[in-house]
Amino acid sequence: MVVVAGVGAVWSLVKNPNVEWGIVRHYFVDGLVTNGVLVTLYLTFIAMAIGIVGGTAMAVMRLSENPVVSAFARFYIWFFRGTPILIQIIFWGYAGAIYPKVMIGIPFTHVTWFTAESSSLITPMLAAILSLGLNEIAYFAEIVRGGISGVSKGQTEAAYSLGLTPGATTRRIVLPQAMRIIVPPTGNEVLTMLKETSLVSVIAGRDLMTAVQQIYSQNYQVIPLLVVGGLWYLILTSVLSVPQRALERRFGRSTVSAGTSGVRRMLFGTRQRARP
Amino acid sequence: MVLQRGEPLVVAHNVHKRFGSNEVLKGISLSVSVGEVVCLLGPSGSGKSTFLRCINHLEKVDAGSIEVGGRFVGYERRSNELIELPRRKIAQQRANIGMVFQQFNLFPHLTALENVTLAPTRVKGLSRVAAEAAGRELLQRMGLVDKADAYPAQLSGGQQQRVAIARALAMSPELMLFDEPTSALDPELVGEVLAAMRQLAREGMTMVVVTHEMQFAREVADVVIFMDGGVIVEMGTPAEVLDAAKEDRTRAFLSRVRRGPSDQTVETGGDA
Ligand SMILES: Nc1ncnc2c1ncn2[C@@H]1O[C@H](COP(=O)(O)OP(=O)(O)OP(=O)(O)O)[C@@H](O)[C@H]1O
Ligand SMILES: [Mg+2]
């Protein structure tokens with residue numbers, strides 16, 4: 001039923017004279033659009049990198065025994081997960097309006113070493129990176145926290161009993177095992193992020209969606225250009241879902257030895273030893 | 001400081017520990033000399049594991065003190081008060097105290113040999129080559145020379161526990177703590193682990209062992225301690241405690257243990 005309806009909908013679109021496929025074909029490879037595709041990929045990559053590094057640190061902070069550190073992390077996660085990403089994007093886009101000037105100097109004196117217009121510092125691109133990256137930190141922290149909590153307490157205690165410090169225990173014992181739980185949803189995060197980057201079009205982030213909007217606001221070919229954008233996003237998500245599914249297969253295995261040595265092979269490939 | 005055989009290595013003084021309103025240790029005092037093997041017996045919930053974990057500061061004590069090799073574990077005395085040490089210092093102290101757990105707690109993402117070499121390279125700063133040579137020798141002593149490259153999931157319970165013993169020994173500890181090391185094992189695998197522990201005792205290792213293996217306690221222990229309700233009820237040689245217990249509570253516990261079809265069922269009864 002659903003399939004039939006779906007095919008029907010696609011067919012009506014394909015045959016629809018209002019969707020001008022010549023225009024679609026033309027803009028599909030338009031310079032502005034292909035450049036937007038690159039920006040979209042770039043934003044996805046950078047935001048995920050910030051999210052993975054920052055989110056891991058945030059998760060470790062969230063689980064810290066220090067109540068101040070853990071409270072800060074809890075607040076951060078609560079705040080960024082509790083507000084719409086769209087608001088965060090627009091906020092960073094207009095951050096320059098709140099603090100028009102950025103100064104580095106000694107507060108409450110006339111000593112300043114550096115002054116700049118924030119609008120020149122926080123470019124739309126930087127605002128896009130900041131908003132997506134800071135937001136992803138909060139979501140990724142929760143994924144990492146789930147992974148860390150999935151490692152039994154006995155592992156930490158065994159490491160402590162050998163004289164490992166808490167830091168070494170986290171790095172050498174807990175995180176490598178948490179990877180088995182963390183990696184599969186990470187692939188999913190990447191796909192979500194890829195689509196989420198389209199929201200930065202509201203601050204003219206120069207991504208694929210910005211390019212599409214910019215073109216159709218001039219030639220009013222809204223539907224063909226949305227088709228162009230949609231097709232590109234479909235291609236990108238399809239391509240990225242290939243390694244995503246491979247990762248899921250690798251890490252979804254049930255036995256500890258296969259799963260963990262799989263982690264080892266992927267993450268620490270060179271250290272993998274031949275097994276009997 | 002190198003202590004001579006017979007000098008006190010572990011000195012616990014009036015140790016108290018509570019979890020919330022539940023007072024688990026109500027003043028434990030005991031002394032373990034270098035080279036001595038002490039077996040701790042007692043019913044489930046009597047505080048045996050908690051006391052063992054206080055010795056290497058996996059649990060903080062609420063009152064009283066524990067010294068190992070003349071130093072407070074996890075604390076230092078400052079003007080008549082015990083202040084908790086920074087975590088790095090605590091880690092250094094723990095490196096001197098080996099621990100073997102009921103559930104083995106091997107690192108599943110590392111091979112047997114890597115389990116054994118991790119702490120020597122990370123904590124003692126041994127070179128990889130030196131650590132691996134020493135590690136292989138330890139595995140050989142545990143009868144596991146051909147299992148060096150196996151992952152824990154590929155080993156039987158008895159083999160895993162022997163790797164865990166080798167892992168603890170790799171730090172050349174002056175004291176070994178065992179918390180029911182054979183309780184999670186199938187009955188036919190208990191013997192190989194106990195044999196390794198016997199060997200260790202013969203070599204003069206100081207050991208505190210929580211166990212319900214009466215035969216092992218009888219043969220290997222210098223001192224047997226019976227704990228119940230967070231206190232030491234009775235303490236003495238194996239013959240004194242196991243065959244001629246003075247306290248009713250001890251006798252009742254021992255007869256309950258003996259009545260079971262084997263020592264094994266009693267040990268695993270707790271987590272079954
Ligand atoms: N982390 C903890 N938090 C709260 N209560 C705890 C904790 N650890 C132990 N306890 C409680 O302390 C008491 C003593 O536990 P402990 O594990 O020391 O007993 P045990 O003598 O080792 O028993 P078993 O033979 O079952 O291992 C129990 O009542 C237990 O519920
Ligand atoms: Mg116990």
# chains A, B, ... in the order shown; residues from 1 in each chain; ligands from 1
$ select_by_dssp --residues "range 39-263 of chain B" --states "strand (DSSP E)" --output "MDAnalysis selection string"
chainID B and resid 39:41 63:68 71:72 75:78 81:84 97:100 175:179 207:210 223:228 231:236
$ write_last_selection --atoms "N, CA and C atoms" --output "short mmCIF file (atom, residue, chain, number, x, y, z; two decimals), in the first residue's frame"
data_model
loop_
_atom_site.label_atom_id
_atom_site.label_comp_id
_atom_site.auth_asym_id
_atom_site.auth_seq_id
_atom_site.Cartn_x
_atom_site.Cartn_y
_atom_site.Cartn_z
N CYS B 39 42.65 -16.50 55.55
CA CYS B 39 41.39 -16.78 54.87
C CYS B 39 40.24 -16.17 55.66
N LEU B 40 39.38 -15.44 54.93
CA LEU B 40 38.20 -14.81 55.53
C LEU B 40 36.98 -15.63 55.17
N LEU B 41 36.25 -16.06 56.18
CA LEU B 41 35.00 -16.78 55.94
C LEU B 41 33.86 -15.97 56.54
N ALA B 63 35.86 5.24 59.51
CA ALA B 63 36.62 5.48 60.74
C ALA B 63 37.61 4.34 60.88
N GLY B 64 38.65 4.57 61.69
CA GLY B 64 39.70 3.57 61.81
C GLY B 64 40.71 3.75 60.69
N SER B 65 41.63 2.81 60.60
CA SER B 65 42.69 2.97 59.59
C SER B 65 43.21 1.62 59.13
N ILE B 66 43.76 1.62 57.93
CA ILE B 66 44.41 0.43 57.41
C ILE B 66 45.79 0.85 56.91
N GLU B 67 46.81 0.17 57.43
CA GLU B 67 48.16 0.43 56.94
C GLU B 67 48.64 -0.80 56.18
N VAL B 68 49.31 -0.56 55.06
CA VAL B 68 49.97 -1.64 54.34
C VAL B 68 51.43 -1.23 54.18
N ARG B 71 52.27 2.23 55.66
CA ARG B 71 51.67 3.48 55.17
C ARG B 71 50.16 3.33 55.11
N PHE B 72 49.46 4.40 55.48
CA PHE B 72 48.01 4.39 55.36
C PHE B 72 47.63 4.29 53.89
N TYR B 75 45.35 7.46 52.44
CA TYR B 75 45.33 8.62 53.33
C TYR B 75 46.75 8.95 53.78
N GLU B 76 46.91 10.17 54.27
CA GLU B 76 48.13 10.47 55.01
C GLU B 76 47.75 11.21 56.27
N ARG B 77 48.58 10.99 57.27
CA ARG B 77 48.27 11.62 58.55
C ARG B 77 48.82 13.04 58.57
N ARG B 78 47.94 13.98 58.86
CA ARG B 78 48.37 15.36 59.02
C ARG B 78 47.79 15.87 60.32
N GLU B 81 45.07 13.83 61.83
CA GLU B 81 43.89 13.61 61.02
C GLU B 81 44.31 12.86 59.77
N LEU B 82 43.45 11.98 59.30
CA LEU B 82 43.77 11.28 58.06
C LEU B 82 43.14 12.03 56.89
N ILE B 83 43.97 12.50 55.98
CA ILE B 83 43.51 13.26 54.82
C ILE B 83 43.64 12.35 53.59
N GLU B 84 42.62 12.34 52.76
CA GLU B 84 42.69 11.48 51.58
C GLU B 84 43.77 12.00 50.63
N ILE B 97 49.51 -3.59 45.59
CA ILE B 97 48.54 -4.53 46.15
C ILE B 97 47.77 -5.17 45.00
N GLY B 98 47.96 -6.46 44.80
CA GLY B 98 47.24 -7.14 43.72
C GLY B 98 45.85 -7.55 44.18
N MET B 99 44.91 -7.57 43.22
CA MET B 99 43.56 -8.01 43.60
C MET B 99 43.00 -8.93 42.52
N VAL B 100 42.35 -10.00 42.98
CA VAL B 100 41.72 -10.95 42.07
C VAL B 100 40.24 -11.00 42.42
N LEU B 175 51.41 -7.71 48.38
CA LEU B 175 50.22 -8.28 49.01
C LEU B 175 49.23 -8.65 47.92
N MET B 176 48.57 -9.81 48.08
CA MET B 176 47.54 -10.20 47.11
C MET B 176 46.21 -10.39 47.84
N LEU B 177 45.17 -9.78 47.25
CA LEU B 177 43.82 -9.90 47.80
C LEU B 177 43.00 -10.76 46.84
N PHE B 178 42.30 -11.75 47.36
CA PHE B 178 41.45 -12.60 46.52
C PHE B 178 40.02 -12.53 47.05
N ASP B 179 39.09 -12.13 46.22
CA ASP B 179 37.69 -12.08 46.65
C ASP B 179 36.90 -13.22 45.99
N MET B 207 48.91 -13.18 51.48
CA MET B 207 47.61 -13.25 50.81
C MET B 207 46.46 -13.11 51.81
N VAL B 208 45.46 -12.33 51.39
CA VAL B 208 44.19 -12.31 52.13
C VAL B 208 43.13 -12.85 51.18
N VAL B 209 42.51 -13.95 51.56
CA VAL B 209 41.64 -14.68 50.65
C VAL B 209 40.25 -14.82 51.25
N VAL B 210 39.25 -14.25 50.55
CA VAL B 210 37.87 -14.54 50.92
C VAL B 210 37.47 -15.79 50.17
N VAL B 223 46.07 -18.28 59.14
CA VAL B 223 45.03 -17.75 60.03
C VAL B 223 43.69 -17.83 59.31
N VAL B 224 42.69 -18.28 60.01
CA VAL B 224 41.33 -18.26 59.47
C VAL B 224 40.51 -17.30 60.32
N ILE B 225 39.76 -16.43 59.62
CA ILE B 225 38.94 -15.45 60.32
C ILE B 225 37.49 -15.68 59.95
N PHE B 226 36.61 -15.75 60.95
CA PHE B 226 35.20 -15.85 60.65
C PHE B 226 34.53 -14.51 60.97
N MET B 227 33.90 -13.95 59.95
CA MET B 227 33.22 -12.65 60.10
C MET B 227 31.72 -12.86 60.03
N ASP B 228 31.01 -12.06 60.79
CA ASP B 228 29.54 -12.06 60.67
C ASP B 228 29.04 -10.69 61.12
N VAL B 231 31.57 -7.77 62.05
CA VAL B 231 32.61 -7.89 63.08
C VAL B 231 33.34 -9.22 62.89
N ILE B 232 34.55 -9.29 63.46
CA ILE B 232 35.27 -10.56 63.48
C ILE B 232 34.76 -11.35 64.67
N VAL B 233 34.16 -12.50 64.37
CA VAL B 233 33.59 -13.31 65.43
C VAL B 233 34.66 -14.19 66.04
N GLU B 234 35.52 -14.72 65.18
CA GLU B 234 36.51 -15.67 65.67
C GLU B 234 37.73 -15.67 64.74
N MET B 235 38.87 -15.85 65.33
CA MET B 235 40.11 -15.79 64.53
C MET B 235 41.10 -16.74 65.14
N GLY B 236 41.80 -17.53 64.30
CA GLY B 236 42.78 -18.46 64.85
C GLY B 236 43.37 -19.33 63.76
#
$ residues_around --residues "Gln88 in chain A" --least-positions-apart "3" --cutoff "12 Å" --atoms "only C-alpha atoms" --output "list in words"
Phe79, Phe80, Arg81, Gly82, Thr83, Pro84, Ile85, Phe91, Trp92, Gly93, Tyr94, Ala95, Ala127, Ala128, Ile129, Leu130, Ser131, Leu132, Gly133, Leu134, Asn135, Glu136, Leu199, Val200, Val202 and Ile203 of chain A
$ write_last_selection --atoms "N, CA, C and O atoms" --output "mmCIF file, in the first residue's frame"
data_model
loop_
_atom_site.group_PDB
_atom_site.id
_atom_site.type_symbol
_atom_site.label_atom_id
_atom_site.label_comp_id
_atom_site.auth_asym_id
_atom_site.auth_seq_id
_atom_site.Cartn_x
_atom_site.Cartn_y
_atom_site.Cartn_z
ATOM 1 N N PHE A 79 20.780 22.383 28.235
ATOM 2 C CA PHE A 79 20.515 23.617 27.500
ATOM 3 C C PHE A 79 20.487 23.363 25.995
ATOM 4 O O PHE A 79 19.538 23.744 25.310
ATOM 5 N N PHE A 80 21.508 22.709 25.471
ATOM 6 C CA PHE A 80 21.605 22.579 24.017
ATOM 7 C C PHE A 80 20.645 21.541 23.446
ATOM 8 O O PHE A 80 20.297 21.604 22.280
ATOM 9 N N ARG A 81 20.248 20.575 24.289
ATOM 10 C CA ARG A 81 19.261 19.618 23.797
ATOM 11 C C ARG A 81 17.844 20.126 23.984
ATOM 12 O O ARG A 81 16.914 19.640 23.348
ATOM 13 N N GLY A 82 17.715 21.114 24.851
ATOM 14 C CA GLY A 82 16.384 21.595 25.183
ATOM 15 C C GLY A 82 15.918 22.788 24.366
ATOM 16 O O GLY A 82 14.783 23.237 24.512
ATOM 17 N N THR A 83 16.795 23.311 23.520
ATOM 18 C CA THR A 83 16.391 24.447 22.679
ATOM 19 C C THR A 83 16.504 24.033 21.208
ATOM 20 O O THR A 83 17.386 23.264 20.852
ATOM 21 N N PRO A 84 15.622 24.553 20.364
ATOM 22 C CA PRO A 84 15.658 24.142 18.957
ATOM 23 C C PRO A 84 16.961 24.567 18.291
ATOM 24 O O PRO A 84 17.467 25.669 18.536
ATOM 25 N N ILE A 85 17.477 23.690 17.467
ATOM 26 C CA ILE A 85 18.703 23.984 16.739
ATOM 27 C C ILE A 85 18.536 25.243 15.884
ATOM 28 O O ILE A 85 19.470 26.026 15.718
ATOM 29 N N PHE A 91 20.718 32.446 16.511
ATOM 30 C CA PHE A 91 21.421 33.167 17.578
ATOM 31 C C PHE A 91 22.862 33.461 17.176
ATOM 32 O O PHE A 91 23.325 34.596 17.234
ATOM 33 N N TRP A 92 23.566 32.434 16.730
ATOM 34 C CA TRP A 92 24.971 32.641 16.362
ATOM 35 C C TRP A 92 25.079 33.534 15.137
ATOM 36 O O TRP A 92 26.008 34.332 15.024
ATOM 37 N N GLY A 93 24.113 33.397 14.246
ATOM 38 C CA GLY A 93 24.121 34.241 13.055
ATOM 39 C C GLY A 93 23.992 35.716 13.397
ATOM 40 O O GLY A 93 24.563 36.575 12.718
ATOM 41 N N TYR A 94 23.232 35.987 14.463
ATOM 42 C CA TYR A 94 23.019 37.385 14.836
ATOM 43 C C TYR A 94 23.769 37.771 16.098
ATOM 44 O O TYR A 94 23.509 38.818 16.664
ATOM 45 N N ALA A 95 24.696 36.896 16.535
ATOM 46 C CA ALA A 95 25.443 37.191 17.755
ATOM 47 C C ALA A 95 26.109 38.550 17.649
ATOM 48 O O ALA A 95 26.242 39.277 18.637
ATOM 49 N N ALA A 127 29.372 31.004 12.180
ATOM 50 C CA ALA A 127 28.146 30.846 12.969
ATOM 51 C C ALA A 127 27.543 29.469 12.725
ATOM 52 O O ALA A 127 27.067 28.803 13.657
ATOM 53 N N ALA A 128 27.578 29.020 11.463
ATOM 54 C CA ALA A 128 27.039 27.700 11.138
ATOM 55 C C ALA A 128 27.838 26.607 11.843
ATOM 56 O O ALA A 128 27.271 25.695 12.463
ATOM 57 N N ILE A 129 29.158 26.694 11.771
ATOM 58 C CA ILE A 129 30.017 25.692 12.410
ATOM 59 C C ILE A 129 29.787 25.676 13.919
ATOM 60 O O ILE A 129 29.620 24.621 14.533
ATOM 61 N N LEU A 130 29.770 26.870 14.525
ATOM 62 C CA LEU A 130 29.585 26.968 15.974
ATOM 63 C C LEU A 130 28.256 26.355 16.403
ATOM 64 O O LEU A 130 28.202 25.536 17.318
ATOM 65 N N SER A 131 27.179 26.774 15.734
ATOM 66 C CA SER A 131 25.869 26.314 16.187
ATOM 67 C C SER A 131 25.724 24.801 16.012
ATOM 68 O O SER A 131 25.288 24.113 16.926
ATOM 69 N N LEU A 132 26.119 24.295 14.847
ATOM 70 C CA LEU A 132 25.978 22.847 14.622
ATOM 71 C C LEU A 132 26.919 22.058 15.533
ATOM 72 O O LEU A 132 26.534 21.036 16.107
ATOM 73 N N GLY A 133 28.150 22.530 15.663
ATOM 74 C CA GLY A 133 29.151 21.818 16.467
ATOM 75 C C GLY A 133 28.789 21.818 17.944
ATOM 76 O O GLY A 133 28.796 20.767 18.593
ATOM 77 N N LEU A 134 28.460 22.986 18.485
ATOM 78 C CA LEU A 134 28.134 23.066 19.913
ATOM 79 C C LEU A 134 26.893 22.241 20.231
ATOM 80 O O LEU A 134 26.799 21.618 21.289
ATOM 81 N N ASN A 135 25.944 22.250 19.297
ATOM 82 C CA ASN A 135 24.739 21.449 19.484
ATOM 83 C C ASN A 135 25.067 19.961 19.461
ATOM 84 O O ASN A 135 24.593 19.184 20.292
ATOM 85 N N GLU A 136 25.917 19.561 18.524
ATOM 86 C CA GLU A 136 26.255 18.140 18.400
ATOM 87 C C GLU A 136 27.006 17.640 19.631
ATOM 88 O O GLU A 136 26.866 16.478 20.013
ATOM 89 N N LEU A 199 19.585 23.702 7.635
ATOM 90 C CA LEU A 199 18.972 24.775 8.422
ATOM 91 C C LEU A 199 19.812 26.046 8.434
ATOM 92 O O LEU A 199 19.294 27.134 8.678
ATOM 93 N N VAL A 200 21.121 25.905 8.169
ATOM 94 C CA VAL A 200 21.947 27.116 8.221
ATOM 95 C C VAL A 200 21.636 28.034 7.037
ATOM 96 O O VAL A 200 22.153 29.151 6.965
ATOM 97 N N VAL A 202 19.106 29.618 6.817
ATOM 98 C CA VAL A 202 18.433 30.799 7.381
ATOM 99 C C VAL A 202 19.417 31.916 7.702
ATOM 100 O O VAL A 202 19.019 33.068 7.862
ATOM 101 N N ILE A 203 20.686 31.594 7.830
ATOM 102 C CA ILE A 203 21.665 32.666 8.041
ATOM 103 C C ILE A 203 22.627 32.724 6.855
ATOM 104 O O ILE A 203 23.759 33.194 6.977
#
$ closest_residue --among "B:Val257, B:Ala91, B:Ala184, B:Ala166" --to "ligand 2" --atoms "only C-alpha atoms and all ligand atoms"
B:Ala184
$ closest_atom_pairs --of "chain B" --to "chain A" --cutoff "10 Å" --atoms "only C-alpha atoms" --output "JSON lines"
{"residue": "B:Arg53", "atom": "CA", "partner": "A:Ser161", "partner_atom": "CA", "distance": 9.4}
{"residue": "B:Asn56", "atom": "CA", "partner": "A:Ser161", "partner_atom": "CA", "distance": 7.1}
{"residue": "B:His57", "atom": "CA", "partner": "A:Ser161", "partner_atom": "CA", "distance": 8.8}
{"residue": "B:Leu58", "atom": "CA", "partner": "A:Glu157", "partner_atom": "CA", "distance": 7.1}
{"residue": "B:Arg87", "atom": "CA", "partner": "A:Thr165", "partner_atom": "CA", "distance": 6.9}
{"residue": "B:Arg88", "atom": "CA", "partner": "A:Thr165", "partner_atom": "CA", "distance": 6.0}
{"residue": "B:Lys89", "atom": "CA", "partner": "A:Thr165", "partner_atom": "CA", "distance": 9.0}
{"residue": "B:Ile90", "atom": "CA", "partner": "A:Gly163", "partner_atom": "CA", "distance": 7.9}
{"residue": "B:Ala91", "atom": "CA", "partner": "A:Gly163", "partner_atom": "CA", "distance": 4.3}
{"residue": "B:Gln92", "atom": "CA", "partner": "A:Gly163", "partner_atom": "CA", "distance": 5.6}
{"residue": "B:Gln93", "atom": "CA", "partner": "A:Gly163", "partner_atom": "CA", "distance": 7.1}
{"residue": "B:Arg94", "atom": "CA", "partner": "A:Gly163", "partner_atom": "CA", "distance": 4.9}
{"residue": "B:Ala95", "atom": "CA", "partner": "A:Gly163", "partner_atom": "CA", "distance": 4.1}
{"residue": "B:Asn96", "atom": "CA", "partner": "A:Gly163", "partner_atom": "CA", "distance": 7.8}
{"residue": "B:Ile97", "atom": "CA", "partner": "A:Ser161", "partner_atom": "CA", "distance": 7.2}
{"residue": "B:Gly98", "atom": "CA", "partner": "A:Ser161", "partner_atom": "CA", "distance": 6.5}
{"residue": "B:Met99", "atom": "CA", "partner": "A:Ser161", "partner_atom": "CA", "distance": 6.1}
{"residue": "B:Val100", "atom": "CA", "partner": "A:Ala158", "partner_atom": "CA", "distance": 8.2}
{"residue": "B:Phe101", "atom": "CA", "partner": "A:Ala158", "partner_atom": "CA", "distance": 7.9}
{"residue": "B:Gln102", "atom": "CA", "partner": "A:Gly154", "partner_atom": "CA", "distance": 9.9}
{"residue": "B:Gln103", "atom": "CA", "partner": "A:Gly154", "partner_atom": "CA", "distance": 8.0}
{"residue": "B:Phe104", "atom": "CA", "partner": "A:Gly154", "partner_atom": "CA", "distance": 8.6}
{"residue": "B:Asn105", "atom": "CA", "partner": "A:Gln155", "partner_atom": "CA", "distance": 5.7}
{"residue": "B:Leu106", "atom": "CA", "partner": "A:Gln155", "partner_atom": "CA", "distance": 7.3}
{"residue": "B:Phe107", "atom": "CA", "partner": "A:Gln155", "partner_atom": "CA", "distance": 6.7}
{"residue": "B:Pro108", "atom": "CA", "partner": "A:Val256", "partner_atom": "CA", "distance": 6.9}
{"residue": "B:His109", "atom": "CA", "partner": "A:Thr260", "partner_atom": "CA", "distance": 5.1}
{"residue": "B:Leu110", "atom": "CA", "partner": "A:Ser261", "partner_atom": "CA", "distance": 8.2}
{"residue": "B:Thr111", "atom": "CA", "partner": "A:Arg273", "partner_atom": "CA", "distance": 9.1}
{"residue": "B:Asn115", "atom": "CA", "partner": "A:Ala159", "partner_atom": "CA", "distance": 10.0}
{"residue": "B:Leu118", "atom": "CA", "partner": "A:Arg172", "partner_atom": "CA", "distance": 8.9}
{"residue": "B:Ala119", "atom": "CA", "partner": "A:Leu162", "partner_atom": "CA", "distance": 6.1}
{"residue": "B:Pro120", "atom": "CA", "partner": "A:Leu162", "partner_atom": "CA", "distance": 8.8}
{"residue": "B:Arg122", "atom": "CA", "partner": "A:Leu164", "partner_atom": "CA", "distance": 7.4}
{"residue": "B:Val123", "atom": "CA", "partner": "A:Leu164", "partner_atom": "CA", "distance": 6.3}
{"residue": "B:Lys124", "atom": "CA", "partner": "A:Gly163", "partner_atom": "CA", "distance": 9.1}
{"residue": "B:Asp146", "atom": "CA", "partner": "A:Pro276", "partner_atom": "CA", "distance": 9.2}
{"residue": "B:Lys147", "atom": "CA", "partner": "A:Pro276", "partner_atom": "CA", "distance": 8.7}
{"residue": "B:Ala148", "atom": "CA", "partner": "A:Pro276", "partner_atom": "CA", "distance": 9.7}
{"residue": "B:Asp149", "atom": "CA", "partner": "A:Arg275", "partner_atom": "CA", "distance": 6.2}
{"residue": "B:Ala150", "atom": "CA", "partner": "A:Arg275", "partner_atom": "CA", "distance": 6.6}
{"residue": "B:Tyr151", "atom": "CA", "partner": "A:Ser257", "partner_atom": "CA", "distance": 6.3}
{"residue": "B:Pro152", "atom": "CA", "partner": "A:Ser257", "partner_atom": "CA", "distance": 7.4}
{"residue": "B:Ala153", "atom": "CA", "partner": "A:Ser257", "partner_atom": "CA", "distance": 5.5}
{"residue": "B:Gln154", "atom": "CA", "partner": "A:Ser257", "partner_atom": "CA", "distance": 7.3}
{"residue": "B:Ala164", "atom": "CA", "partner": "A:Ala158", "partner_atom": "CA", "distance": 9.3}
{"residue": "B:Arg167", "atom": "CA", "partner": "A:Leu162", "partner_atom": "CA", "distance": 8.3}
{"residue": "B:Ala168", "atom": "CA", "partner": "A:Leu162", "partner_atom": "CA", "distance": 6.6}
{"residue": "B:Leu169", "atom": "CA", "partner": "A:Leu162", "partner_atom": "CA", "distance": 9.5}
{"residue": "B:Ala170", "atom": "CA", "partner": "A:Leu162", "partner_atom": "CA", "distance": 9.2}
{"residue": "B:Met171", "atom": "CA", "partner": "A:Leu162", "partner_atom": "CA", "distance": 7.3}
{"residue": "B:Pro173", "atom": "CA", "partner": "A:Leu162", "partner_atom": "CA", "distance": 9.4}
{"residue": "B:Leu177", "atom": "CA", "partner": "A:Ser161", "partner_atom": "CA", "distance": 9.9}
$ closest_atom_pairs --of "chain B" --to "ligand 2" --cutoff "8 Å" --atoms "only C-alpha atoms and all ligand atoms" --output "Markdown table"
| residue | atom | partner | partner_atom_place_in_ligand_line | distance |
| --- | --- | --- | --- | --- |
| B:Ser44 | CA | ligand 2 | 1 (Mg) | 6.8 |
| B:Gly45 | CA | ligand 2 | 1 (Mg) | 7.1 |
| B:Gly47 | CA | ligand 2 | 1 (Mg) | 7.0 |
| B:Lys48 | CA | ligand 2 | 1 (Mg) | 5.6 |
| B:Ser49 | CA | ligand 2 | 1 (Mg) | 4.0 |
| B:Thr50 | CA | ligand 2 | 1 (Mg) | 7.1 |
| B:Asp179 | CA | ligand 2 | 1 (Mg) | 6.5 |
| B:Glu180 | CA | ligand 2 | 1 (Mg) | 6.9 |
| B:Val210 | CA | ligand 2 | 1 (Mg) | 7.6 |
$ residues_around --residues "range 225-231 of chain A" --least-positions-apart "3" --cutoff "12 Å" --atoms "only C-alpha atoms" --output "PyMOL selection string"
chain A and resi 10+13-14+18-30+32-34+36-37+40+195+198+207-222+234-238
$ atom_distance --atom1 "atom 25 (O, counted along the ligand's line) of ligand 1" --atom2 "CA of Gly20 in chain B"
19.6 Å
$ select_by_dssp --residues "range 25-231 of chain A" --states "helix (DSSP H, G or I)" --output "ChimeraX atom specification"
/A:25-28,31-62,67-82,85-93,95-98,118-121,124-149,153-161,166-203,208-219,222-231
$ residues_around --residues "Gly191 in chain B" --least-positions-apart "5" --cutoff "9 Å" --atoms "only C-alpha atoms" --output "list in words"
Gly158, Thr182 and Ala196 of chain B
$ write_last_selection --atoms "N, CA, C and O atoms" --output "mmCIF file, in the first residue's frame"
data_model
loop_
_atom_site.group_PDB
_atom_site.id
_atom_site.type_symbol
_atom_site.label_atom_id
_atom_site.label_comp_id
_atom_site.auth_asym_id
_atom_site.auth_seq_id
_atom_site.Cartn_x
_atom_site.Cartn_y
_atom_site.Cartn_z
ATOM 1 N N GLY B 158 38.385 -20.903 34.277
ATOM 2 C CA GLY B 158 39.592 -21.186 35.046
ATOM 3 C C GLY B 158 40.821 -20.535 34.433
ATOM 4 O O GLY B 158 41.678 -19.995 35.130
ATOM 5 N N THR B 182 37.142 -18.453 43.224
ATOM 6 C CA THR B 182 36.668 -19.656 42.523
ATOM 7 C C THR B 182 35.138 -19.756 42.510
ATOM 8 O O THR B 182 34.585 -20.718 42.010
ATOM 9 N N ALA B 196 47.077 -22.871 41.585
ATOM 10 C CA ALA B 196 47.921 -21.701 41.331
ATOM 11 C C ALA B 196 48.089 -20.870 42.599
ATOM 12 O O ALA B 196 49.173 -20.359 42.899
#
$ atom_distance --atom1 "CA of Asp248 in chain B" --atom2 "CA of Val61 in chain B"
29.0 Å
$ closest_residue --among "B:Ser172, B:Ser183, B:Gln160, B:Asn14" --to "ligand 1" --atoms "only C-alpha atoms and all ligand atoms"
B:Ser183
